[in-house]
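This report concerns only the one structure given below.
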Amino acid sequence: MNVAQQLVNGLVIGSGFACVALGWTILLGAARLVNFAHGQMYMLAAFICWFALTRWGLDFTAAAVVAVLAMGVLGILMQSAMSQLVVSQNLTSLMIVTLGFGYMIQGAAGLGFGGSPHALASPADKVQYQIGGIWFTGQDLIIVTVTLALYAGVWLLLNRTRQGAMVRAIAEDPKLAQIFGINTWLVYVAVFMLEAVLVAIAAVLVAPKTPILTSMGFEEVIMTFVVVVLGGVGNVGGALVAGLALGIFTAFFGALVSPAYTTAASFAVLLAFLTLRPEGFSFR
Amino acid sequence: MNVLDAADLTVRYGGSVALRDATLAVGAGRLVAVAGANGAGKSTLVNACAGWSRGHASIAGDVRLDGRSVARLAAYRRARLGIQCVPEGKNVFGELTVEENFALVPAVPREAGRHVFSREDVLGLFPRLHERRTHKGSALSGGERQMLAIGRALLAGPRILLLDEPSVGLAPRLIFDVLTVVRRLVDDGLAVLLVEQNVSAALDVADELYLIERGRIVGHGDAAAMRQDERIAQAYLGGLAEVEP
């Protein structure tokens, strides 16, 4: 086994995990909301990108932008439909409603895009680099750099801007935020839109690495839950560390034991970790 | 014209009525106190003026700000129009620093009737906050938190300030300090509605007082006259001994 190669693979896989989980981290941690349509939104973003790429003949970047914008609009629409539940912080109903949205998205995508697998061909995936015997693709490089940039951007947004302070204030006490003159509904819409945009960005980065199917969804983003909980729910820095650590674990587990059981092994790690350190990788 | 007029306010929590047909007015440069026993409906009254409630309250009746009805506006809209409420209990964000709590305040539009305070003004009133500006709300003492809550409300450009028991949990010395600051603001023309458990302290600074019992306003008058009111003397000022014949 080439340790350095596995480390790089792990870093790429982990960046993918972290990237897919970022929207959820903000949603749950910053706004105390959940979205179980996350996986189907990931799928839909990948298919919109694929459609714009193959049917409209756009280049990859333009197709990716179309997918991200479309998901932003979908995020606003979903949030508007759920606004009563969101404002009253009715999490149980939100779980079920978002789960329902997920299946509706999956059904609509199945009708629209068909049931067969497709390849989302990113030109950067064809570019290969070799440095000191370690191989990686242009897509790998983009995944890692964009993920790090997104985490930095989100961290700055949450901790260094007035808008970020508003999001944190609402997470702590939405009722009190009203007294402060904050339109909580509008902030929830913005956060949900951000979650949709971030999962779309994750999809156009990560989905080119595997075939895409309209039936993929929950399974594709299952690591999100491990990352969010390991990172210490809602902790942006923690989610990045958790994502990268989980990616490296996955790479080595795949190389040493079997790639087939990495998900099960990841959840075993999660369980062990939560028993020993219930607050996750929290840095507070 | 009064700054704030509440007419026939009735508030229900589920099936139970917490406030019935309350009518009150606060003029410019007046400090109006609301007194009553625990659970009489003082907080309910103040919160209803702000259109706000921790629980699920249904509020009926009219609230007018400078003559314009705001009864149909959500709490955040009323706050932006200048009904600045400092609720009892948790009234600042513990996870945010003092600076960040201040930064949440939306820009104050230039309108007549707004009392505009700069950050320097607020820190001048409460110098402690300047020393604590990088601390989180949860790290502040009870008094500092109260100063932050009031300071934040001032920064938001109030037309009227609603203060719900600002002295709860504070040392007597601090109660005096806070109420002195409030009185100074009133003397500069601000309208203030003050809920105060310490009726004696309230009467020392207030211009008028409303007495509330079991969800109803049962008395109203100038502070001096209310000091002589038998119900107040007996229930809040330690018996008849202090009342002159």
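Naming works like this for the structure tokens: A, B, ... for the chains as they're shown, residue 1 at the start of each chain, ligands 1 onward in shown order.
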Exercise for the section: Within 8 Å of Gly41 in chain B, counting only C-alpha atoms, which residues show up once you throw out same-chain ones fewer than 4 positions away? Write them as JSON, numbers by chain, please. Expected result: {"B": [18, 19, 36, 45, 212, 213, 214, 215, 216]}
Would you output that residue set with C-alpha atoms, as a PDB file, in the first residue's frame?
```pdb
ATOM      1  CA  ALA B  18     -54.097  36.835  31.024  1.00  0.00           C
ATOM      2  CA  LEU B  19     -55.168  40.410  30.343  1.00  0.00           C
ATOM      3  CA  GLY B  36     -49.059  44.684  40.446  1.00  0.00           C
ATOM      4  CA  LEU B  45     -49.460  44.006  29.004  1.00  0.00           C
ATOM      5  CA  ILE B 212     -52.999  45.952  37.661  1.00  0.00           C
ATOM      6  CA  GLU B 213     -54.714  43.062  39.432  1.00  0.00           C
ATOM      7  CA  ARG B 214     -55.743  39.678  38.005  1.00  0.00           C
ATOM      8  CA  GLY B 215     -55.420  40.834  34.409  1.00  0.00           C
ATOM      9  CA  ARG B 216     -57.299  44.089  34.817  1.00  0.00           C
TER      10      ARG B 216
END
```
Exercise for the section: Mind the document's chain letters and residue numbers, and return as a list in words the residues of range 118-284 of chain A that DSSP labels strand (DSSP E). Expected result: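 Output for range 118-284 of chain A, strand (DSSP E) only: Gln128, Tyr129, Gln130, Ile131, Ile134, Trp135, Phe136 and Thr137 of chain A.
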May I have the residues from that selection written out with C-alpha atoms, as a compact mmCIF listing (two decimals), in the first residue's frame?
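Here's the written file again_22.txt:
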```
# COMPACT_ATOMS: atom_id res chain seq x y z
CA GLN A 128 -4.16 13.85 -14.41
CA TYR A 129 -1.26 14.94 -12.29
CA GLN A 130 1.57 12.92 -10.89
CA ILE A 131 3.80 14.34 -8.22
CA ILE A 134 1.14 10.26 -6.22
CA TRP A 135 -1.67 10.45 -8.73
CA PHE A 136 -4.65 12.78 -8.63
CA THR A 137 -6.97 14.44 -11.14
```
Exercise for the section: Considering only C-alpha atoms, extract the chain A residues located within 10 Å of chain B and return them as a ChimeraX atom specification. Expected result: /A:88,159-166,168-184
Expected file contents, prior selection, N, CA and C atoms, as a compact mmCIF listing (two decimals), in the first residue's frame:
```txt
# COMPACT_ATOMS: atom_id res chain seq x y z
N SER A 88 -42.22 28.18 13.53
CA SER A 88 -42.59 27.63 14.83
C SER A 88 -41.60 26.55 15.29
N ASN A 159 -19.20 34.34 11.31
CA ASN A 159 -18.55 34.92 12.48
C ASN A 159 -18.08 36.35 12.32
N ARG A 160 -18.07 36.86 11.09
CA ARG A 160 -17.50 38.18 10.90
C ARG A 160 -18.46 39.17 10.23
N THR A 161 -19.70 38.77 9.99
CA THR A 161 -20.62 39.71 9.35
C THR A 161 -21.88 39.86 10.20
N ARG A 162 -22.60 40.95 9.95
CA ARG A 162 -23.84 41.20 10.67
C ARG A 162 -24.86 40.12 10.32
N GLN A 163 -24.88 39.70 9.03
CA GLN A 163 -25.81 38.65 8.61
C GLN A 163 -25.53 37.36 9.37
N GLY A 164 -24.24 37.05 9.55
CA GLY A 164 -23.88 35.85 10.28
C GLY A 164 -24.33 35.92 11.73
N ALA A 165 -24.15 37.11 12.32
CA ALA A 165 -24.58 37.29 13.71
C ALA A 165 -26.10 37.10 13.81
N MET A 166 -26.83 37.55 12.77
CA MET A 166 -28.28 37.36 12.77
C MET A 166 -28.63 35.88 12.75
N ARG A 168 -26.78 33.40 13.84
CA ARG A 168 -26.45 32.80 15.14
C ARG A 168 -27.45 33.22 16.20
N ALA A 169 -27.91 34.47 16.10
CA ALA A 169 -28.89 34.95 17.07
C ALA A 169 -30.18 34.14 16.96
N ILE A 170 -30.61 33.89 15.73
CA ILE A 170 -31.85 33.14 15.53
C ILE A 170 -31.69 31.70 15.98
N ALA A 171 -30.49 31.15 15.78
CA ALA A 171 -30.25 29.78 16.26
C ALA A 171 -30.41 29.73 17.78
N GLU A 172 -29.95 30.77 18.44
CA GLU A 172 -30.00 30.77 19.91
C GLU A 172 -31.41 31.03 20.42
N ASP A 173 -32.10 32.00 19.84
CA ASP A 173 -33.40 32.40 20.39
C ASP A 173 -34.20 33.18 19.34
N PRO A 174 -34.96 32.45 18.51
CA PRO A 174 -35.69 33.14 17.42
C PRO A 174 -36.72 34.15 17.93
N LYS A 175 -37.30 33.89 19.09
CA LYS A 175 -38.28 34.83 19.63
C LYS A 175 -37.62 36.16 19.98
N LEU A 176 -36.49 36.06 20.65
CA LEU A 176 -35.79 37.28 21.05
C LEU A 176 -35.33 38.07 19.83
N ALA A 177 -34.98 37.35 18.76
CA ALA A 177 -34.52 38.02 17.54
C ALA A 177 -35.59 38.98 17.00
N GLN A 178 -36.87 38.62 17.19
CA GLN A 178 -37.95 39.50 16.71
C GLN A 178 -37.92 40.84 17.43
N ILE A 179 -37.67 40.78 18.73
CA ILE A 179 -37.57 42.00 19.55
C ILE A 179 -36.43 42.89 19.04
N PHE A 180 -35.39 42.23 18.50
CA PHE A 180 -34.24 42.97 17.97
C PHE A 180 -34.54 43.52 16.57
N GLY A 181 -35.77 43.36 16.09
CA GLY A 181 -36.14 43.90 14.79
C GLY A 181 -35.73 43.02 13.62
N ILE A 182 -35.46 41.74 13.89
CA ILE A 182 -35.02 40.84 12.83
C ILE A 182 -36.22 40.08 12.26
N ASN A 183 -36.33 40.08 10.95
CA ASN A 183 -37.37 39.31 10.27
C ASN A 183 -36.88 37.87 10.18
N THR A 184 -37.29 37.06 11.15
CA THR A 184 -36.72 35.71 11.25
C THR A 184 -37.05 34.88 10.01
```
Exercise for the section: Find the residues near Leu274 in chain A: any atom within 9 Å, counting only C-alpha atoms, skip ones fewer than 5 places away on the same chain, and give them as a PyMOL selection string. Expected result: chain A and resi 229-230+269+279-280
Exercise for the section: Write out as a PyMOL selection string each polymer residue whose atoms come within 12 Å of Lys42 in chain B, counting only C-alpha atoms; drop sequence neighbours fewer than 4 positions from it. Expected result: chain B and resi 11+18-20+22+33-38+46-49+87-88+162-165+193-197+210-217
Go ahead and dump the residues you just picked, C-alpha atoms, as a JSON list (two decimals), in the first residue's frame.
```
[["chain", "number", "residue", "atom", "x", "y", "z"],
["B", 11, "VAL", "CA", -54.51, 38.62, 25.72],
["B", 18, "ALA", "CA", -54.10, 36.84, 31.02],
["B", 19, "LEU", "CA", -55.17, 40.41, 30.34],
["B", 20, "ARG", "CA", -58.62, 41.86, 29.84],
["B", 22, "ALA", "CA", -56.45, 47.05, 29.27],
["B", 33, "ALA", "CA", -44.98, 52.59, 35.66],
["B", 34, "VAL", "CA", -47.08, 49.43, 35.82],
["B", 35, "ALA", "CA", -47.34, 47.78, 39.21],
["B", 36, "GLY", "CA", -49.06, 44.68, 40.45],
["B", 37, "ALA", "CA", -48.54, 41.32, 42.06],
["B", 38, "ASN", "CA", -46.79, 38.40, 40.42],
["B", 46, "VAL", "CA", -46.02, 45.28, 28.02],
["B", 47, "ASN", "CA", -45.37, 42.41, 25.61],
["B", 48, "ALA", "CA", -48.78, 42.88, 23.99],
["B", 49, "CYS", "CA", -47.83, 46.49, 23.18],
["B", 87, "PRO", "CA", -38.38, 41.82, 28.07],
["B", 88, "GLU", "CA", -37.89, 40.25, 31.45],
["B", 162, "LEU", "CA", -40.87, 49.24, 27.23],
["B", 163, "LEU", "CA", -38.91, 47.97, 30.22],
["B", 164, "ASP", "CA", -40.07, 44.81, 31.93],
["B", 165, "GLU", "CA", -38.63, 44.55, 35.43],
["B", 193, "LEU", "CA", -43.36, 52.26, 30.09],
["B", 194, "LEU", "CA", -41.80, 50.56, 33.08],
["B", 195, "VAL", "CA", -42.88, 47.38, 34.79],
["B", 196, "GLU", "CA", -41.39, 47.31, 38.23],
["B", 197, "GLN", "CA", -41.88, 44.89, 41.06],
["B", 210, "TYR", "CA", -51.11, 51.96, 36.58],
["B", 211, "LEU", "CA", -52.14, 49.33, 39.09],
["B", 212, "ILE", "CA", -53.00, 45.95, 37.66],
["B", 213, "GLU", "CA", -54.71, 43.06, 39.43],
["B", 214, "ARG", "CA", -55.74, 39.68, 38.00],
["B", 215, "GLY", "CA", -55.42, 40.83, 34.41],
["B", 216, "ARG", "CA", -57.30, 44.09, 34.82],
["B", 217, "ILE", "CA", -56.16, 47.65, 35.25]]
```
Tell me, as a compact mmCIF listing (two decimals) with N, CA and C atoms, in the first residue's frame, which residues lie within 8 Å of Thr147 in chain A, counting only C-alpha atoms; anything in the same chain fewer than 4 positions away does not count.
```txt
# COMPACT_ATOMS: atom_id res chain seq x y z
N SER A 15 -12.72 15.75 1.60
CA SER A 15 -13.17 17.07 1.17
C SER A 15 -14.56 16.97 0.56
N GLY A 16 -14.78 15.88 -0.19
CA GLY A 16 -16.11 15.63 -0.76
C GLY A 16 -17.15 15.50 0.34
N ALA A 18 -16.99 16.59 3.39
CA ALA A 18 -17.13 17.88 4.08
C ALA A 18 -17.94 18.85 3.24
N CYS A 19 -17.69 18.83 1.93
CA CYS A 19 -18.38 19.75 1.02
C CYS A 19 -19.88 19.45 1.00
N ILE A 143 -11.95 19.85 -6.02
CA ILE A 143 -12.77 19.47 -4.85
C ILE A 143 -12.12 19.98 -3.57
N TYR A 151 -15.51 26.52 3.09
CA TYR A 151 -15.51 26.51 4.57
C TYR A 151 -15.00 27.83 5.12
```
Practice task
Give the alpha helix (DSSP H) residues of range 97-161 of chain B, as assigned by DSSP on the backbone, as number ranges by chain.
Solution key: B: 98-103, 119-125, 127-131, 142-155
Those residues you just picked out, can you put them in a file as a compact mmCIF listing (two decimals), in the first residue's frame with N, CA and C atoms?
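Okay, this is what ended up in part32.txt:
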```
# COMPACT_ATOMS: atom_id res chain seq x y z
N VAL B 98 -20.89 41.41 23.18
CA VAL B 98 -21.57 42.69 23.38
C VAL B 98 -21.61 43.45 22.05
N GLU B 99 -20.47 43.52 21.37
CA GLU B 99 -20.39 44.20 20.07
C GLU B 99 -21.39 43.61 19.08
N GLU B 100 -21.45 42.27 19.04
CA GLU B 100 -22.34 41.61 18.07
C GLU B 100 -23.81 41.83 18.41
N ASN B 101 -24.11 41.86 19.72
CA ASN B 101 -25.48 42.18 20.12
C ASN B 101 -25.87 43.57 19.60
N PHE B 102 -24.94 44.50 19.73
CA PHE B 102 -25.19 45.86 19.22
C PHE B 102 -25.32 45.86 17.69
N ALA B 103 -24.46 45.04 17.05
CA ALA B 103 -24.41 45.06 15.59
C ALA B 103 -25.69 44.54 14.95
N ARG B 119 -23.56 54.83 19.36
CA ARG B 119 -22.88 53.84 20.21
C ARG B 119 -22.14 54.54 21.35
N GLU B 120 -21.58 55.71 21.03
CA GLU B 120 -20.85 56.47 22.06
C GLU B 120 -21.81 56.91 23.17
N ASP B 121 -23.01 57.35 22.76
CA ASP B 121 -24.01 57.75 23.77
C ASP B 121 -24.29 56.59 24.72
N VAL B 122 -24.53 55.41 24.13
CA VAL B 122 -24.90 54.25 24.93
C VAL B 122 -23.76 53.84 25.85
N LEU B 123 -22.54 53.84 25.30
CA LEU B 123 -21.40 53.46 26.13
C LEU B 123 -21.12 54.52 27.19
N GLY B 124 -21.53 55.76 26.89
CA GLY B 124 -21.41 56.82 27.89
C GLY B 124 -22.36 56.59 29.06
N LEU B 125 -23.57 56.10 28.75
CA LEU B 125 -24.53 55.79 29.80
C LEU B 125 -24.11 54.57 30.61
N PRO B 127 -20.76 52.70 30.93
CA PRO B 127 -19.33 52.52 30.63
C PRO B 127 -18.86 51.07 30.79
N ARG B 128 -19.50 50.31 31.67
CA ARG B 128 -19.12 48.91 31.88
C ARG B 128 -19.13 48.14 30.56
N LEU B 129 -20.09 48.47 29.70
CA LEU B 129 -20.25 47.72 28.45
C LEU B 129 -19.04 47.90 27.54
N HIS B 130 -18.41 49.08 27.65
CA HIS B 130 -17.24 49.31 26.82
C HIS B 130 -16.11 48.35 27.21
N GLU B 131 -15.94 48.19 28.53
CA GLU B 131 -14.90 47.26 29.01
C GLU B 131 -15.20 45.82 28.61
N GLY B 142 -25.60 39.85 35.75
CA GLY B 142 -27.00 40.23 35.55
C GLY B 142 -27.16 41.70 35.24
N GLY B 143 -26.44 42.54 35.96
CA GLY B 143 -26.53 43.98 35.75
C GLY B 143 -26.01 44.38 34.38
N GLU B 144 -24.88 43.79 33.99
CA GLU B 144 -24.30 44.11 32.68
C GLU B 144 -25.24 43.69 31.55
N ARG B 145 -25.87 42.55 31.75
CA ARG B 145 -26.81 42.07 30.75
C ARG B 145 -28.00 43.04 30.60
N GLN B 146 -28.47 43.53 31.73
CA GLN B 146 -29.57 44.49 31.71
C GLN B 146 -29.16 45.77 30.99
N MET B 147 -27.91 46.22 31.27
CA MET B 147 -27.39 47.42 30.60
C MET B 147 -27.29 47.18 29.10
N LEU B 148 -26.82 45.98 28.73
CA LEU B 148 -26.70 45.65 27.31
C LEU B 148 -28.08 45.65 26.64
N ALA B 149 -29.05 45.06 27.34
CA ALA B 149 -30.41 44.98 26.77
C ALA B 149 -30.99 46.38 26.58
N ILE B 150 -30.81 47.25 27.58
CA ILE B 150 -31.34 48.61 27.47
C ILE B 150 -30.54 49.40 26.43
N GLY B 151 -29.23 49.23 26.46
CA GLY B 151 -28.37 49.94 25.51
C GLY B 151 -28.70 49.58 24.08
N ARG B 152 -28.95 48.33 23.84
CA ARG B 152 -29.31 47.83 22.51
C ARG B 152 -30.63 48.45 22.06
N ALA B 153 -31.58 48.54 23.00
CA ALA B 153 -32.88 49.14 22.67
C ALA B 153 -32.72 50.62 22.33
N LEU B 154 -31.84 51.30 23.04
CA LEU B 154 -31.61 52.73 22.76
C LEU B 154 -30.97 52.91 21.39
N LEU B 155 -30.03 52.02 21.08
CA LEU B 155 -29.32 52.09 19.80
C LEU B 155 -30.29 51.94 18.63
```
Fill in the blank from the handout: Residue with the minimum atom-to-atom distance to Leu156 in chain A, picked from A:Leu22, A:Val236, A:Leu205, A:Gly102 with only C-alpha atoms counted, is A:Val236
